[in-house]
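Shown below: final_13.tsv, with TSV, C-alpha atoms.
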chain	number	residue	atom	x	y	z
M	1	MET	CA	118.63	135.63	-15.67
M	2	GLU	CA	116.55	133.46	-13.37
M	3	PHE	CA	115.96	129.82	-14.19
M	4	ARG	CA	115.47	126.56	-12.35
M	5	GLN	CA	118.37	126.36	-9.93
M	6	ARG	CA	117.94	122.97	-8.29
M	7	ILE	CA	120.00	121.31	-11.02
M	8	ASN	CA	123.75	121.86	-11.10
M	9	TYR	CA	124.13	121.99	-14.87
M	10	TYR	CA	127.93	122.09	-14.80
M	11	ASP	CA	128.14	118.90	-12.76
M	12	ASN	CA	125.56	117.29	-15.05
M	13	ARG	CA	127.53	117.80	-18.23
M	14	PHE	CA	127.58	114.61	-20.28
M	15	LEU	CA	131.35	114.16	-20.29
M	16	MET	CA	131.09	111.84	-23.28
M	17	PHE	CA	130.36	114.90	-25.39
M	18	ILE	CA	133.15	116.89	-23.74
M	19	LEU	CA	135.65	114.23	-24.84
M	20	ASP	CA	134.04	113.86	-28.25
M	21	LYS	CA	134.36	117.62	-28.81
M	22	MET	CA	137.98	117.44	-27.66
M	23	ALA	CA	138.53	114.70	-30.25
M	24	TYR	CA	136.97	116.88	-32.94
M	25	GLU	CA	139.26	119.78	-32.05
M	26	TYR	CA	142.31	117.52	-32.24
M	27	GLU	CA	141.16	116.24	-35.62
M	28	LEU	CA	141.00	119.85	-36.88
M	29	GLN	CA	144.67	120.09	-35.90
M	30	GLY	CA	145.45	117.07	-38.07
M	31	LYS	CA	145.87	114.60	-35.20
M	32	ASP	CA	145.19	110.91	-35.83
M	33	VAL	CA	142.35	110.52	-33.34
M	34	ILE	CA	140.56	107.28	-32.51
M	35	ARG	CA	137.13	107.87	-31.02
M	36	MET	CA	135.73	105.37	-28.50
M	37	THR	CA	133.08	107.75	-27.24
M	38	LEU	CA	129.64	107.67	-28.84
M	39	GLY	CA	127.62	104.50	-29.28
M	40	LYS	CA	127.44	105.30	-32.99
M	41	SER	CA	128.32	102.60	-35.47
M	42	GLU	CA	131.34	103.17	-37.66
M	43	LEU	CA	129.53	101.60	-40.63
M	44	PRO	CA	127.20	103.48	-43.00
M	45	VAL	CA	123.48	102.86	-43.06
M	46	HIS	CA	122.38	99.95	-45.28
M	47	PRO	CA	121.85	101.14	-48.91
M	48	ARG	CA	118.22	99.97	-48.95
M	49	ILE	CA	117.47	101.94	-45.79
M	50	ILE	CA	119.06	104.99	-47.42
M	51	GLY	CA	117.03	104.21	-50.54
M	52	ALA	CA	113.78	104.13	-48.57
M	53	MET	CA	114.59	107.49	-47.00
M	54	THR	CA	115.58	108.95	-50.38
M	55	ASP	CA	112.34	107.74	-51.96
M	56	ALA	CA	110.33	109.27	-49.10
M	57	LEU	CA	112.22	112.55	-49.36
M	58	GLU	CA	111.47	112.76	-53.09
M	59	ASP	CA	107.79	111.85	-52.57
M	60	PHE	CA	106.12	115.01	-51.30
M	61	GLU	CA	103.11	113.16	-49.94
M	62	LYS	CA	105.32	110.90	-47.81
M	63	SER	CA	107.80	113.56	-46.74
M	64	ALA	CA	105.04	115.96	-45.64
M	65	LYS	CA	103.15	113.54	-43.39
M	66	VAL	CA	102.50	114.74	-39.85
M	67	PHE	CA	101.59	112.21	-37.17
M	68	PRO	CA	102.58	113.36	-33.66
M	69	ALA	CA	102.71	109.81	-32.27
M	70	GLY	CA	104.37	108.30	-35.32
M	71	LEU	CA	103.52	107.09	-38.81
M	72	PRO	CA	100.71	104.50	-38.80
M	73	GLU	CA	102.77	102.47	-41.28
M	74	LEU	CA	105.71	102.25	-38.83
M	75	LYS	CA	103.43	101.42	-35.91
M	76	ASN	CA	101.86	98.58	-37.90
M	77	GLU	CA	105.30	97.32	-38.93
M	78	LEU	CA	106.48	97.33	-35.32
M	79	ALA	CA	103.39	95.46	-34.17
M	80	ALA	CA	104.05	92.79	-36.80
M	81	HIS	CA	107.74	92.67	-35.83
M	82	TYR	CA	106.99	92.01	-32.15
M	83	SER	CA	104.35	89.45	-33.06
M	84	SER	CA	106.88	87.56	-35.17
M	85	LYS	CA	109.78	87.87	-32.73
M	86	TYR	CA	108.04	87.30	-29.39
M	87	ASP	CA	104.59	85.95	-30.32
M	88	VAL	CA	102.92	88.86	-28.53
M	89	ASP	CA	99.87	90.77	-29.71
M	90	ILE	CA	100.54	94.49	-29.22
M	91	PRO	CA	98.07	96.93	-30.81
M	92	ALA	CA	99.78	99.33	-33.20
M	93	ASP	CA	98.42	102.34	-31.29
M	94	ASN	CA	100.42	101.30	-28.22
M	95	PHE	CA	103.66	102.16	-30.01
M	96	ILE	CA	104.59	105.83	-29.58
M	97	ILE	CA	107.29	107.01	-32.00
M	98	SER	CA	109.67	109.87	-31.19
M	99	VAL	CA	113.07	111.29	-32.09
M	100	GLY	CA	115.09	108.61	-30.32
M	101	THR	CA	114.28	107.41	-26.82
M	102	SER	CA	115.77	110.26	-24.77
M	103	THR	CA	112.73	112.48	-25.25
M	104	ILE	CA	110.52	109.52	-24.42
M	105	PHE	CA	112.25	109.06	-21.07
M	106	ARG	CA	111.87	112.76	-20.32
M	107	ASN	CA	108.15	112.63	-21.12
M	108	LEU	CA	107.55	109.43	-19.14
M	109	PHE	CA	109.31	110.81	-16.08
M	110	HIS	CA	107.23	113.97	-16.38
M	111	LEU	CA	104.00	111.97	-16.56
M	112	LEU	CA	104.76	109.50	-13.79
M	113	THR	CA	106.66	111.43	-11.09
M	114	ASN	CA	106.82	114.67	-9.17
M	115	GLU	CA	108.88	116.10	-6.33
M	116	LYS	CA	107.47	113.86	-3.61
M	117	ASP	CA	108.18	110.65	-5.51
M	118	GLU	CA	111.19	108.36	-5.86
M	119	VAL	CA	112.72	106.64	-8.86
M	120	LEU	CA	114.87	103.53	-8.61
M	121	LEU	CA	117.76	103.34	-11.07
M	122	PRO	CA	120.50	100.79	-11.71
M	123	LEU	CA	124.01	101.61	-10.52
M	124	PRO	CA	125.87	102.03	-12.79
M	125	TYR	CA	123.29	103.93	-14.82
M	126	TYR	CA	122.97	105.61	-18.17
M	127	SER	CA	123.08	109.31	-17.30
M	128	LEU	CA	119.79	110.10	-19.07
M	129	TYR	CA	117.84	108.32	-16.32
M	130	ASN	CA	119.47	110.36	-13.59
M	131	PHE	CA	118.96	113.66	-15.38
M	132	CYS	CA	115.30	112.99	-16.19
M	133	ALA	CA	114.65	112.42	-12.49
M	134	GLN	CA	116.38	115.68	-11.66
M	135	LEU	CA	114.18	117.53	-14.16
M	136	THR	CA	111.03	116.37	-12.37
M	137	GLY	CA	112.48	116.88	-8.89
M	138	ALA	CA	111.96	113.24	-7.92
M	139	SER	CA	114.34	111.67	-5.40
M	140	ILE	CA	116.80	109.15	-6.82
M	141	LYS	CA	117.68	105.81	-5.30
M	142	TYR	CA	119.89	103.12	-6.80
M	143	TYR	CA	120.04	99.35	-6.87
M	144	ASP	CA	123.44	97.79	-7.48
M	145	ILE	CA	124.68	95.69	-10.34
M	146	ASP	CA	127.38	93.64	-8.60
M	147	LEU	CA	130.69	94.54	-10.21
M	148	GLN	CA	132.22	91.15	-9.47
M	149	THR	CA	129.46	88.98	-10.91
M	150	LEU	CA	127.62	91.56	-13.08
M	151	ARG	CA	124.42	90.17	-11.56
M	152	LEU	CA	121.56	92.05	-10.00
M	153	ASN	CA	122.17	92.68	-6.29
M	154	ARG	CA	118.78	91.53	-5.03
M	155	GLU	CA	119.26	92.75	-1.47
M	156	SER	CA	120.16	96.19	-2.78
M	157	PHE	CA	117.04	96.22	-4.93
M	158	LYS	CA	114.76	95.28	-2.07
M	159	ALA	CA	116.41	97.72	0.33
M	160	ASN	CA	116.04	100.70	-2.00
M	161	TYR	CA	112.55	100.04	-3.31
M	162	SER	CA	109.92	101.85	-1.24
M	163	ASP	CA	106.25	102.83	-1.23
M	164	LYS	CA	107.34	106.16	-2.70
M	165	THR	CA	108.90	104.51	-5.77
M	166	LYS	CA	106.96	105.41	-8.91
M	167	ILE	CA	109.44	104.36	-11.61
M	168	VAL	CA	111.94	101.51	-11.74
M	169	VAL	CA	114.36	101.55	-14.67
M	170	ILE	CA	115.99	98.41	-15.99
M	171	ASN	CA	118.52	98.36	-18.83
M	172	THR	CA	119.52	95.04	-20.35
M	173	PRO	CA	122.06	94.71	-21.86
M	174	GLY	CA	123.25	97.53	-19.69
M	175	ASN	CA	125.11	100.71	-20.54
M	176	PRO	CA	127.98	100.93	-19.58
M	177	LEU	CA	128.73	97.43	-18.21
M	178	GLY	CA	127.11	95.25	-20.85
M	179	ASN	CA	125.48	93.20	-18.08
M	180	ILE	CA	122.38	91.16	-18.94
M	181	LEU	CA	119.47	90.52	-16.58
M	182	THR	CA	118.32	86.91	-16.50
M	183	GLU	CA	114.69	85.87	-16.78
M	184	ASP	CA	114.78	84.92	-13.11
M	185	GLU	CA	116.03	88.39	-12.19
M	186	LEU	CA	113.28	90.01	-14.26
M	187	TYR	CA	110.68	87.96	-12.41
M	188	PHE	CA	112.30	88.91	-9.11
M	189	ILE	CA	112.02	92.62	-9.97
M	190	ASP	CA	108.38	92.17	-10.89
M	191	GLU	CA	107.74	90.31	-7.63
M	192	VAL	CA	109.25	93.09	-5.50
M	193	VAL	CA	107.49	95.88	-7.41
M	194	ASN	CA	104.24	93.90	-7.32
M	195	GLY	CA	102.34	96.37	-9.48
M	196	ARG	CA	103.08	99.37	-7.25
M	197	ALA	CA	105.38	101.18	-9.72
M	198	VAL	CA	105.95	101.34	-13.46
M	199	ILE	CA	108.97	99.44	-14.74
M	200	ILE	CA	110.63	101.14	-17.71
M	201	ASN	CA	112.55	98.56	-19.67
M	202	ASP	CA	115.32	100.09	-21.81
M	203	GLU	CA	115.98	97.46	-24.47
M	204	ILE	CA	117.98	99.54	-26.91
M	205	TYR	CA	120.83	96.97	-26.89
M	206	ALA	CA	118.63	93.86	-26.83
M	207	ASN	CA	119.91	92.80	-30.24
M	208	MET	CA	123.55	93.07	-29.13
M	209	CYS	CA	124.08	89.99	-26.93
M	210	PHE	CA	127.51	88.46	-27.46
M	211	ASP	CA	127.60	85.11	-25.68
M	212	ASP	CA	124.06	84.01	-24.89
M	213	LYS	CA	120.68	85.27	-26.02
M	214	GLY	CA	119.25	87.75	-23.53
M	215	SER	CA	115.84	87.59	-21.90
M	216	SER	CA	113.15	90.15	-22.69
M	217	VAL	CA	110.21	91.30	-20.61
M	218	MET	CA	108.18	90.39	-23.70
M	219	GLN	CA	108.74	86.75	-22.77
M	220	LEU	CA	107.50	87.06	-19.19
M	221	LYS	CA	104.17	85.48	-18.27
M	222	ASN	CA	101.59	86.55	-15.67
M	223	THR	CA	103.54	89.57	-14.41
M	224	LYS	CA	102.08	91.80	-11.73
M	225	SER	CA	103.59	95.12	-12.80
M	226	THR	CA	103.20	97.54	-15.68
M	227	PHE	CA	106.17	97.37	-18.06
M	228	ILE	CA	107.00	100.07	-20.58
M	229	THR	CA	109.60	99.09	-23.18
M	230	THR	CA	111.79	101.59	-25.02
M	231	ASP	CA	113.90	100.85	-28.08
M	232	ALA	CA	115.32	102.59	-31.15
M	233	PHE	CA	116.88	102.08	-34.56
M	234	SER	CA	120.11	103.88	-33.69
M	235	LYS	CA	122.18	100.89	-32.61
M	236	GLY	CA	121.69	97.61	-34.46
M	237	TYR	CA	120.46	99.35	-37.61
M	238	ARG	CA	123.15	102.06	-37.43
M	239	MET	CA	120.65	104.95	-37.65
M	240	TYR	CA	122.21	106.94	-34.78
M	241	SER	CA	121.79	110.41	-36.26
M	242	ARG	CA	118.45	109.64	-37.91
M	243	ARG	CA	116.73	109.65	-34.48
M	244	VAL	CA	113.87	107.17	-34.57
M	245	GLY	CA	112.91	105.66	-31.23
M	246	TYR	CA	109.74	104.30	-29.71
M	247	CYS	CA	108.09	103.05	-26.58
M	248	ILE	CA	105.43	100.41	-25.98
M	249	VAL	CA	102.95	101.66	-23.40
M	250	PRO	CA	99.69	100.55	-21.79
M	251	ASP	CA	96.41	101.99	-23.06
M	252	GLU	CA	96.15	104.65	-20.36
M	253	LEU	CA	99.44	106.30	-21.43
M	254	VAL	CA	98.75	106.45	-25.17
M	255	LEU	CA	96.70	109.65	-25.00
M	256	PRO	CA	98.92	111.57	-22.51
M	257	LEU	CA	102.12	110.81	-24.43
M	258	THR	CA	100.47	111.63	-27.75
M	259	VAL	CA	99.16	114.97	-26.46
M	260	ILE	CA	102.60	115.89	-25.08
M	261	GLN	CA	104.01	115.26	-28.56
M	262	HIS	CA	101.14	117.26	-30.08
M	263	HIS	CA	102.59	120.32	-28.39
M	264	THR	CA	106.33	119.64	-28.02
M	265	LEU	CA	107.23	117.55	-31.08
M	266	LEU	CA	104.43	117.84	-33.67
M	267	THR	CA	106.06	115.04	-35.65
M	268	ALA	CA	109.18	112.96	-35.96
M	269	ASP	CA	110.60	113.27	-39.47
M	270	PRO	CA	108.51	110.96	-41.70
M	271	VAL	CA	111.49	110.48	-44.03
M	272	VAL	CA	113.57	108.68	-41.39
M	273	GLN	CA	110.50	106.76	-40.20
M	274	TYR	CA	110.23	105.24	-43.68
M	275	GLY	CA	113.87	104.29	-43.27
M	276	ALA	CA	112.98	102.58	-40.01
M	277	ILE	CA	110.24	100.58	-41.75
M	278	GLU	CA	112.80	99.32	-44.26
M	279	ALA	CA	115.32	98.60	-41.49
M	280	LEU	CA	113.03	96.01	-39.91
M	281	HIS	CA	113.45	93.92	-43.07
M	282	HIS	CA	117.24	93.68	-42.60
M	283	PRO	CA	117.93	91.67	-39.43
M	284	ASP	CA	121.21	90.54	-40.97
M	285	GLU	CA	122.53	94.06	-40.35
M	286	ILE	CA	122.43	93.39	-36.62
M	287	GLU	CA	124.51	90.24	-36.91
M	288	ILE	CA	127.29	92.11	-38.72
M	289	LEU	CA	127.74	94.43	-35.74
M	290	ARG	CA	127.21	91.77	-33.10
M	291	THR	CA	129.96	89.56	-34.50
M	292	SER	CA	132.38	92.45	-34.94
M	293	TYR	CA	131.79	93.92	-31.48
M	294	LYS	CA	132.12	90.54	-29.78
M	295	HIS	CA	135.56	90.20	-31.38
M	296	ARG	CA	136.51	93.68	-30.19
M	297	ARG	CA	135.29	92.84	-26.68
M	298	ASP	CA	137.54	89.78	-26.66
M	299	TYR	CA	140.52	91.75	-27.97
M	300	THR	CA	140.06	94.39	-25.27
M	301	GLU	CA	140.14	91.79	-22.51
M	302	GLN	CA	143.09	89.97	-24.07
M	303	ILE	CA	145.24	93.11	-24.21
M	304	LEU	CA	144.23	95.27	-21.25
M	305	ASN	CA	143.73	92.56	-18.62
M	306	THR	CA	147.47	91.84	-18.74
M	307	ILE	CA	148.31	95.31	-17.36
M	308	ASP	CA	148.76	95.85	-13.61
M	309	GLY	CA	146.08	98.05	-12.09
M	310	ILE	CA	143.67	97.62	-15.01
M	311	HIS	CA	140.65	95.31	-15.24
M	312	VAL	CA	138.11	95.01	-18.05
M	313	TYR	CA	134.61	94.04	-16.94
M	314	HIS	CA	133.30	91.21	-19.14
M	315	SER	CA	130.69	92.86	-21.34
M	316	LYS	CA	127.98	90.39	-22.31
M	317	GLY	CA	126.31	92.78	-24.74
M	318	SER	CA	125.71	96.40	-25.84
M	319	PHE	CA	128.17	98.65	-27.69
M	320	TYR	CA	130.55	99.05	-24.75
M	321	CYS	CA	132.93	97.69	-22.22
M	322	THR	CA	134.03	99.34	-18.98
M	323	VAL	CA	137.61	99.41	-17.74
M	324	ASP	CA	138.26	99.53	-13.98
M	325	CYS	CA	141.18	101.93	-13.48
M	326	ALA	CA	140.85	102.40	-9.69
M	327	ASN	CA	144.24	100.94	-8.74
M	328	PHE	CA	145.96	102.70	-11.63
M	329	MET	CA	144.38	106.06	-10.77
M	330	ARG	CA	145.27	105.74	-7.11
M	331	THR	CA	148.91	104.86	-7.69
M	332	LYS	CA	149.41	107.38	-10.50
M	333	GLY	CA	147.61	110.28	-8.82
M	334	TYR	CA	144.59	110.76	-11.08
M	335	GLN	CA	141.79	112.30	-9.02
M	336	THR	CA	138.95	111.93	-11.53
M	337	SER	CA	138.06	109.82	-14.53
M	338	LEU	CA	137.77	113.07	-16.52
M	339	ALA	CA	141.40	113.92	-15.74
M	340	LEU	CA	142.43	110.42	-16.82
M	341	ALA	CA	140.41	110.60	-20.06
M	342	GLU	CA	141.87	114.01	-20.90
M	343	GLU	CA	145.41	112.74	-20.32
M	344	ILE	CA	144.79	109.71	-22.55
M	345	MET	CA	143.52	112.04	-25.25
M	346	LYS	CA	146.50	114.39	-25.00
M	347	GLU	CA	149.11	111.63	-25.04
M	348	LYS	CA	147.58	108.95	-27.29
M	349	TYR	CA	144.82	110.73	-29.22
M	350	VAL	CA	142.28	108.16	-28.06
M	351	ALA	CA	138.92	109.52	-26.91
M	352	VAL	CA	137.26	107.52	-24.12
M	353	VAL	CA	134.33	108.31	-21.82
M	354	PRO	CA	134.91	109.13	-18.14
M	355	GLY	CA	133.12	106.59	-15.98
M	356	SER	CA	131.71	109.30	-13.73
M	357	ASP	CA	129.05	109.75	-16.43
M	358	PHE	CA	127.62	106.45	-15.20
M	359	GLY	CA	128.26	106.58	-11.46
M	360	LEU	CA	131.59	104.73	-11.78
M	361	PRO	CA	134.16	107.45	-11.05
M	362	TYR	CA	137.25	105.22	-11.29
M	363	THR	CA	136.54	103.74	-14.70
M	364	ILE	CA	136.49	104.61	-18.36
M	365	ARG	CA	133.97	103.37	-20.93
M	366	LEU	CA	135.01	102.27	-24.40
M	367	SER	CA	132.66	102.17	-27.37
M	368	PHE	CA	133.36	99.31	-29.76
M	369	SER	CA	132.23	101.44	-32.72
M	370	SER	CA	135.50	102.51	-34.34
M	371	LEU	CA	137.11	101.13	-37.47
M	372	ALA	CA	140.47	101.62	-35.75
M	373	TYR	CA	139.28	100.03	-32.50
M	374	GLU	CA	142.09	97.50	-32.07
M	375	GLU	CA	144.72	100.17	-32.71
M	376	GLY	CA	142.97	102.26	-30.08
M	377	ILE	CA	143.28	99.42	-27.58
M	378	ASP	CA	146.96	99.08	-28.41
M	379	ARG	CA	147.45	102.79	-27.75
M	380	LEU	CA	145.61	102.50	-24.43
M	381	ALA	CA	147.82	99.57	-23.47
M	382	GLU	CA	150.89	101.68	-24.24
M	383	PHE	CA	149.52	104.53	-22.15
M	384	PHE	CA	148.82	102.37	-19.10
M	385	ALA	CA	152.03	100.35	-19.35
M	386	ALA	CA	154.24	103.44	-19.69
M	387	LYS	CA	153.02	105.19	-16.54

Please rewrite the model in this file as structure tokens.
Amino acid sequence: MEFRQRINYYDNRFLMFILDKMAYEYELQGKDVIRMTLGKSELPVHPRIIGAMTDALEDFEKSAKVFPAGLPELKNELAAHYSSKYDVDIPADNFIISVGTSTIFRNLFHLLTNEKDEVLLPLPYYSLYNFCAQLTGASIKYYDIDLQTLRLNRESFKANYSDKTKIVVINTPGNPLGNILTEDELYFIDEVVNGRAVIINDEIYANMCFDDKGSSVMQLKNTKSTFITTDAFSKGYRMYSRRVGYCIVPDELVLPLTVIQHHTLLTADPVVQYGAIEALHHPDEIEILRTSYKHRRDYTEQILNTIDGIHVYHSKGSFYCTVDCANFMRTKGYQTSLALAEEIMKEKYVAVVPGSDFGLPYTIRLSFSSLAYEEGIDRLAEFFAAK
């Protein structure tokens, strides 16, 4: 069978799912597995959000609605939400709703780039960005997040931005590091881009800042560049499997994105969109997770940073922290982060994500979203200390 060959699909496997499947298979064998893989909250969806979805499911008129770019009711609710939160006036039509944000990234990359273009991604990166660029054939360049300071490496950004750059992706708080871009860094990025490329702002973890409140592009004034913001209900509102995401786009992209969804999506499930409307009325849900995950971040650092050859990067937000295992891997003979993750799973029944998913081949990523998280950290400490 012939198909597009320029992508090495084996090398582009999302190893997070490889480890999560391994965890599932161990669970079928009766093993006591602790999953630190997916960024999927361990807590159930709020009862009123479930109630809103149940009501919509039982109301044929609501459950049968078809709007390719999203329910007007949800668009209006999002416009009101951003007006209240950031004092910005965004027309409801400029919100495009989809099944999570992954499909939105794919569609945006398709609209904005082709094989002669470049995209500029953060390093480390969330693997979706890299793969979307490969799908369009665009060349990929990276700007560094300094691993010592977790700050934007400005020289790296300037050096890798070029006249061929059509998309710049920013992710704050970042996945996997939990780094947060400052307002000054956001203005710096805008100054360098200077309106010559589109900046896609992935804000899916914006409500998960542990120490200080993060800055949003919504707060920037008199910017020169076009910003597109993406966000979803999967994290703070715990609707991971319900798949409701959205982007905020300029007028000229409303029609193209809508038409793409005319043909490739038809509609996101209206039932879960009614759940998303209800979710916006429960900001307290976010604080429950934020407080819990900050405590788990602190526990991770307290336990693992005492072990030789192991260093936990200080996550300032998101659902994750990243563990630098370079010295450990070198001295113990682990060639890849996948090999390390598989060994941890076999010996301690703890599922972690190989850092090579994110361009950090000598790390592992831990998701805070496990009820047994602290026990999982204790098992990891035993694994590293015993080697």

Seminar exercise, completed: Nearest to Ala351 in chain M, restricted to all atoms listed in the file and choosing among M:Leu121, M:Leu112, M:Leu338, M:Leu19, comes out as M:Leu19

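Each of M:Ala381, M:Leu71, M:Ile180, M:Ile34 was checked against Asn305 in chain M using only C-alpha atoms; the smallest atom-to-atom distance is that of M:Ala381.
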
Near Asp357 in chain M, counting only C-alpha atoms, which residues have an atom at most 12 Å away, once you skip same-chain residues fewer than 5 positions from it, shown as an mmCIF file with C-alpha atoms, in the frame of the given file?
data_model
loop_
_atom_site.group_PDB
_atom_site.id
_atom_site.type_symbol
_atom_site.label_atom_id
_atom_site.label_comp_id
_atom_site.auth_asym_id
_atom_site.auth_seq_id
_atom_site.Cartn_x
_atom_site.Cartn_y
_atom_site.Cartn_z
ATOM 1 C CA ASP M 11 128.140 118.900 -12.760
ATOM 2 C CA ASN M 12 125.560 117.290 -15.050
ATOM 3 C CA ARG M 13 127.530 117.800 -18.230
ATOM 4 C CA PHE M 14 127.580 114.610 -20.280
ATOM 5 C CA LEU M 15 131.350 114.160 -20.290
ATOM 6 C CA MET M 16 131.090 111.840 -23.280
ATOM 7 C CA PHE M 17 130.360 114.900 -25.390
ATOM 8 C CA ILE M 18 133.150 116.890 -23.740
ATOM 9 C CA LEU M 19 135.650 114.230 -24.840
ATOM 10 C CA THR M 37 133.080 107.750 -27.240
ATOM 11 C CA LEU M 123 124.010 101.610 -10.520
ATOM 12 C CA PRO M 124 125.870 102.030 -12.790
ATOM 13 C CA TYR M 125 123.290 103.930 -14.820
ATOM 14 C CA TYR M 126 122.970 105.610 -18.170
ATOM 15 C CA SER M 127 123.080 109.310 -17.300
ATOM 16 C CA LEU M 128 119.790 110.100 -19.070
ATOM 17 C CA TYR M 129 117.840 108.320 -16.320
ATOM 18 C CA ASN M 130 119.470 110.360 -13.590
ATOM 19 C CA PHE M 131 118.960 113.660 -15.380
ATOM 20 C CA ASN M 175 125.110 100.710 -20.540
ATOM 21 C CA PRO M 176 127.980 100.930 -19.580
ATOM 22 C CA THR M 322 134.030 99.340 -18.980
ATOM 23 C CA THR M 336 138.950 111.930 -11.530
ATOM 24 C CA SER M 337 138.060 109.820 -14.530
ATOM 25 C CA LEU M 338 137.770 113.070 -16.520
ATOM 26 C CA ALA M 341 140.410 110.600 -20.060
ATOM 27 C CA VAL M 352 137.260 107.520 -24.120
ATOM 28 C CA TYR M 362 137.250 105.220 -11.290
ATOM 29 C CA THR M 363 136.540 103.740 -14.700
ATOM 30 C CA ILE M 364 136.490 104.610 -18.360
ATOM 31 C CA ARG M 365 133.970 103.370 -20.930
#

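Shortest separation to Leu111 in chain M among M:Ala372, M:Cys132, M:Ala232, M:Leu177 occurs at residue M:Cys132, atoms counted being all atoms listed in the file.
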
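The space between CA of Tyr240 in chain M and CA of Ser41 in chain M spans 7.5 Å.
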
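The shortest atom-to-atom distance to Tyr82 in chain M, with all atoms listed in the file taken into account, belongs to M:Gln219 out of M:His314, M:Leu289, M:Val353, M:Gln219.
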
Can you tell me which residues surround range 43-48 of chain M at a distance of at most 8 Å, considering only C-alpha atoms, apart from same-chain residues fewer than 6 positions away, and format the answer as a PDB file with C-alpha atoms, in the frame of the given file?
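Okay, this is what ended up in result-v2.pdb:
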ATOM      1  CA  TYR M 237     120.460  99.350 -37.610  1.00  0.00           C
ATOM      2  CA  ARG M 238     123.150 102.060 -37.430  1.00  0.00           C
ATOM      3  CA  MET M 239     120.650 104.950 -37.650  1.00  0.00           C
ATOM      4  CA  GLU M 278     112.800  99.320 -44.260  1.00  0.00           C
ATOM      5  CA  GLU M 285     122.530  94.060 -40.350  1.00  0.00           C
TER       6      GLU M 285
END

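Close contacts of range 134-138 of chain M, defined as residues with an atom at most 6 Å away when counting all atoms listed in the file, with chain neighbours fewer than 5 positions off set aside, comprise M:Asn114, M:Glu115, M:Asp117, M:Glu118.
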
For this session: Dig up all the protein and nucleic acid residues within 9 Å of (118.3, 95.2, -38.0) in the file frame, using all atoms listed in the file, and format them as a ChimeraX atom specification.
Result: /M:207,233,235-238,279-287

Starting from 4 Å padding per side, set up an axis-aligned box that covers all listed atoms of range 377-387 of chain M and hand over centre and edge lengths in Å, one decimal, as lines of an AutoDock Vina configuration file.
center_x = 148.8
center_y = 102.1
center_z = -22.5
size_x = 19.0
size_y = 14.1
size_z = 19.9

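Interatomic distance, CA of Ser215 in chain M against CA of Gly355 in chain M: 26.4 Å.
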
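With only C-alpha atoms as the atoms that count, the residue of M:Tyr143, M:Phe109, M:Tyr299, M:Tyr313 with the shortest distance to Asp378 in chain M is M:Tyr299.
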
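Going from CA of Lys85 in chain M over to CA of Ala206 in chain M, you cover 12.2 Å.
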
Exercise. What's the 10 Å shell around Ile307 in chain M, counting all atoms listed in the file, without same-chain residues fewer than 6 positions away, as a PyMOL selection string?
Worked result: chain M and resi 328+381-382+384-385

Exercise. Residues at most 9 Å from range 181-183 of chain M, counting all atoms listed in the file, excluding those fewer than 5 positions away in the same chain, as a list in words?
Worked result: Leu150, Arg151, Leu152, Ile170, Asn171, Thr172, Pro173, Gly174, Phe188, Gly214, Ser215, Ser216, Val217, Gln219 and Leu220 of chain M

Sorted per-residue table, range 211-289 of chain M near range 190-195 of chain M, closest atoms and distance, 9 Å, all atoms listed in the file, as a tab-separated table:
residue	atom	partner	partner_atom	distance
M:Thr223	CA	M:Asp190	CA	6.5
M:Lys224	CA	M:Gly195	CA	5.1
M:Ser225	CA	M:Gly195	CA	3.8
M:Thr226	CA	M:Gly195	CA	6.4

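The smallest atom-to-atom distance between Pro250 in chain M and any of M:Asn94, M:Ser84, M:Ser356, M:Thr149, using only C-alpha atoms, is found for M:Asn94.
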